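Take a look at the structure below.
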Amino acid sequence: MSNDILSIDGIDISLGETIKIELPIIKLYTDTNMSMPIYIRRGKRPGPTLFVSAAIHGDELNGIEIISRLINSKYMDKIRGTLIAVPVVNGYGVLSQSRYLPDRRDLNRSFPGSKRGSLAGRVADRFLTEVVSKADYGIDLHTGSLHRSNLPQIRGNLDDQDILGMAKAFGVPVILNSNSRDGSLRECANDVGAKVILYEAGEALRFDELSIRAGVKGIIGVMRHLGMLSKSRRKKSLPEPRIARSSSWIRATDSGFTTHLKALGDLVENNELLAQIKDPYGEVLDEVVCKKGGIIIGKQNIPLVQEGDAMYHIAHFSSPDEVAEYVESMQDELMENDQAFPLD
Ligand SMILES: [Zn+2]
């Protein structure tokens, strides 16, 4: 797919060109047209084609800001090959501040979709046909769901060496192996020839600065790894990311109001106290305890829980203390100044 001809929705884009396309998708019932905004930047020099997508879940907004900073950065003048950036895949969900599509389906469970399928299936098919199948590689940007936040992490099928290479190049502390067959973009992208990793960071309906900075830096790292940008001259300051051996959820043992004692990125040990669940009078109903030690990579933020709610997502590593150190150094490195990121 490298090179001379790239055509999206019947529009030919040559090497050296930068354009924005409004890809028509199913209109709203108010007879209002709907489109998927696509930014295409082709370097003068040939190279791989990478797509970056955000807001497949309409309430996951961090990725929109990540793409905005990326395409307005100085790096765009230097790229080899082609970047296809889609800041809002599910515009319907963004409008209604919802994860889902108007037919209440989850777009990321509706791939590959089809031209004659459900609304979700038709949008999935359009995105897969006009964007994903035109690319060699992809990075799909997500956040935690409503009232939950994730520590910056990469997920992908790590049995694939290309994907493993991209995951490491992204340079966040935690990598999770994930190769389920679930109708997700990541799974179907592989069938149309694009290797895709998923970036998970932050919380739905919020901009989280650390997650945004780690995301921009991560995409630039992957572009360097793929030869789309030249290698950084700066010495690598961070260690190699760690692949989790497994992960598990800690669920609420009772219903009530929660006081969280631990934060994202914390190293927790077996039997360590994570939170208390209290009744409205402040009486402790139960204590939430870590069953298997690791790093907290996902966490509920709302202080209301019902029995069975997933409260903490814990990733298990062979050397969790090194991961905890990495988390700290990432925070120091990315948040050391309050100027706009990426820096020139
Ligand atoms: Zn998502």
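By order in the structure tokens, chains are A, B, ...; within a chain, residues start at 1; ligands start at 1, following the order shown.
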**Message:** As a quick test: using only C-alpha atoms and all ligand atoms, which residues lie no more than 6 Å away from ligand 1? Give them as a ChimeraX atom specification.
**Reply:** /A:57,142-143
Suppose we keep N, CA, C and O atoms; can you now write the selection as a PDB file, in the first residue's frame?
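Full text of again_29.pdb as output:
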```pdb
ATOM      1  N   HIS A  57     -15.671   4.972  20.410  1.00  0.00           N
ATOM      2  CA  HIS A  57     -16.649   5.123  21.493  1.00  0.00           C
ATOM      3  C   HIS A  57     -16.840   6.629  21.684  1.00  0.00           C
ATOM      4  O   HIS A  57     -15.892   7.335  22.029  1.00  0.00           O
ATOM      5  N   HIS A 142      -8.386   5.004  22.821  1.00  0.00           N
ATOM      6  CA  HIS A 142      -9.541   4.826  23.714  1.00  0.00           C
ATOM      7  C   HIS A 142      -9.256   5.397  25.099  1.00  0.00           C
ATOM      8  O   HIS A 142      -8.119   5.736  25.422  1.00  0.00           O
ATOM      9  N   THR A 143     -10.324   5.473  25.924  1.00  0.00           N
ATOM     10  CA  THR A 143     -10.165   5.806  27.347  1.00  0.00           C
ATOM     11  C   THR A 143     -10.941   4.763  28.155  1.00  0.00           C
ATOM     12  O   THR A 143     -11.626   3.917  27.584  1.00  0.00           O
TER      13      THR A 143
END
```
Residues of range 85-162 of chain A in helix (DSSP H, G or I), written as a JSON list (two decimals) with C-alpha atoms, in the first residue's frame:
```json
[["chain", "number", "residue", "atom", "x", "y", "z"],
["A", 91, "GLY", "CA", -19.76, 11.44, 15.59],
["A", 92, "TYR", "CA", -23.22, 10.26, 16.68],
["A", 93, "GLY", "CA", -21.81, 9.19, 20.04],
["A", 94, "VAL", "CA", -19.86, 12.43, 20.48],
["A", 95, "LEU", "CA", -23.07, 14.43, 19.87],
["A", 107, "LEU", "CA", -19.21, 0.24, 17.13],
["A", 108, "ASN", "CA", -16.18, -1.60, 18.45],
["A", 109, "ARG", "CA", -18.20, -4.83, 18.55],
["A", 119, "LEU", "CA", -26.46, 1.28, 11.35],
["A", 120, "ALA", "CA", -23.40, 0.26, 13.40],
["A", 121, "GLY", "CA", -22.46, -2.35, 10.81],
["A", 122, "ARG", "CA", -22.70, 0.20, 7.98],
["A", 123, "VAL", "CA", -20.50, 2.74, 9.78],
["A", 124, "ALA", "CA", -18.01, -0.02, 10.63],
["A", 125, "ASP", "CA", -17.92, -1.16, 7.00],
["A", 126, "ARG", "CA", -17.41, 2.40, 5.72],
["A", 127, "PHE", "CA", -14.53, 3.04, 8.12],
["A", 128, "LEU", "CA", -12.93, -0.33, 7.43],
["A", 129, "THR", "CA", -13.23, 0.09, 3.64],
["A", 130, "GLU", "CA", -12.20, 3.74, 3.27],
["A", 132, "VAL", "CA", -8.35, 0.85, 7.68],
["A", 133, "SER", "CA", -7.91, -1.20, 4.51],
["A", 134, "LYS", "CA", -5.82, 1.64, 3.00],
["A", 161, "GLN", "CA", 5.99, -9.44, 16.02],
["A", 162, "ASP", "CA", 5.04, -6.26, 14.12]]
```
**Item:** Every residue of range 18-110 of chain A that DSSP places in strand (DSSP E or B), as a PyMOL selection string
**Value:** chain A and resi 18-25+34-42+49-54+82-86
Save the residues we just selected, C-alpha atoms, as a short mmCIF file (atom, residue, chain, number, x, y, z; two decimals), in the first residue's frame?
```
data_model
loop_
_atom_site.label_atom_id
_atom_site.label_comp_id
_atom_site.auth_asym_id
_atom_site.auth_seq_id
_atom_site.Cartn_x
_atom_site.Cartn_y
_atom_site.Cartn_z
CA THR A 18 -2.33 17.27 2.76
CA ILE A 19 -6.12 17.24 2.63
CA LYS A 20 -9.19 16.93 4.79
CA ILE A 21 -12.10 14.80 3.64
CA GLU A 22 -15.61 14.70 5.07
CA LEU A 23 -16.57 11.07 4.51
CA PRO A 24 -20.40 10.92 4.30
CA ILE A 25 -22.03 8.47 6.70
CA MET A 34 -23.36 13.36 8.96
CA SER A 35 -19.73 12.79 8.08
CA MET A 36 -16.52 11.33 9.42
CA PRO A 37 -13.69 13.91 9.36
CA ILE A 38 -10.47 12.50 7.87
CA TYR A 39 -7.12 14.26 7.76
CA ILE A 40 -4.58 12.87 5.31
CA ARG A 41 -0.98 13.94 5.26
CA ARG A 42 1.28 12.41 2.62
CA THR A 49 0.65 4.25 5.74
CA LEU A 50 -0.50 4.65 9.35
CA PHE A 51 -4.02 5.46 10.49
CA VAL A 52 -4.81 6.90 13.92
CA SER A 53 -8.44 6.83 15.06
CA ALA A 54 -10.31 8.29 18.03
CA THR A 82 1.17 8.67 4.88
CA LEU A 83 -0.73 9.53 8.03
CA ILE A 84 -4.50 9.13 7.98
CA ALA A 85 -5.97 10.65 11.15
CA VAL A 86 -9.65 10.24 12.05
#
```
**Message:** Please list as a ChimeraX atom specification every residue within 12 Å of Asp160 in chain A, counting only C-alpha atoms and excluding residues in the same chain fewer than 4 positions away.
**Reply:** /A:156,164-167,177-179,190,194-197
Could you turn the residues from that selection into a file that holds C-alpha atoms, as a PDB file, in the first residue's frame?
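Saved file selection-v4.pdb follows:
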```pdb
ATOM      1  CA  GLY A 156      -2.619  -5.761  21.131  1.00  0.00           C
ATOM      2  CA  LEU A 164       4.801  -6.229  19.564  1.00  0.00           C
ATOM      3  CA  GLY A 165       7.335  -3.838  18.012  1.00  0.00           C
ATOM      4  CA  MET A 166       4.756  -1.041  17.754  1.00  0.00           C
ATOM      5  CA  ALA A 167       3.555  -1.682  21.315  1.00  0.00           C
ATOM      6  CA  ASN A 177      -1.751  -9.029  25.482  1.00  0.00           C
ATOM      7  CA  SER A 178      -5.200  -9.215  23.982  1.00  0.00           C
ATOM      8  CA  ASN A 179      -6.256 -11.367  21.052  1.00  0.00           C
ATOM      9  CA  ASN A 190      -5.741  -7.663  10.674  1.00  0.00           C
ATOM     10  CA  ALA A 194      -3.458  -3.459   8.877  1.00  0.00           C
ATOM     11  CA  LYS A 195      -1.571  -4.160  12.106  1.00  0.00           C
ATOM     12  CA  VAL A 196      -3.302  -2.289  14.918  1.00  0.00           C
ATOM     13  CA  ILE A 197      -2.510  -1.477  18.529  1.00  0.00           C
TER      14      ILE A 197
END
```
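Here CA of Leu151 in chain A is placed at a distance of 22.9 Å from CA of Val89 in chain A.
Pairwise distance (CA of Phe170 in chain A, CA of Leu210 in chain A) equals 14.4 Å.
Closest approach to Val192 in chain A from the set A:Asp309, A:Asp136, A:Asp279, A:Asp9 is made by A:Asp136, with distances taken over only C-alpha atoms.
Omitting Gly144 in chain A and its sequence neighbours fewer than 6 positions away, and counting only C-alpha atoms, the residues within 7 Å are Asn150, Glu200, Ala201, Gly202, Glu203 and Ala204 of chain A.
Proximity to Leu264 in chain A was assessed for A:Asn337, A:Ser247, A:Ser118, A:Asn301 counting only C-alpha atoms; the smallest distance is recorded for A:Asn301.
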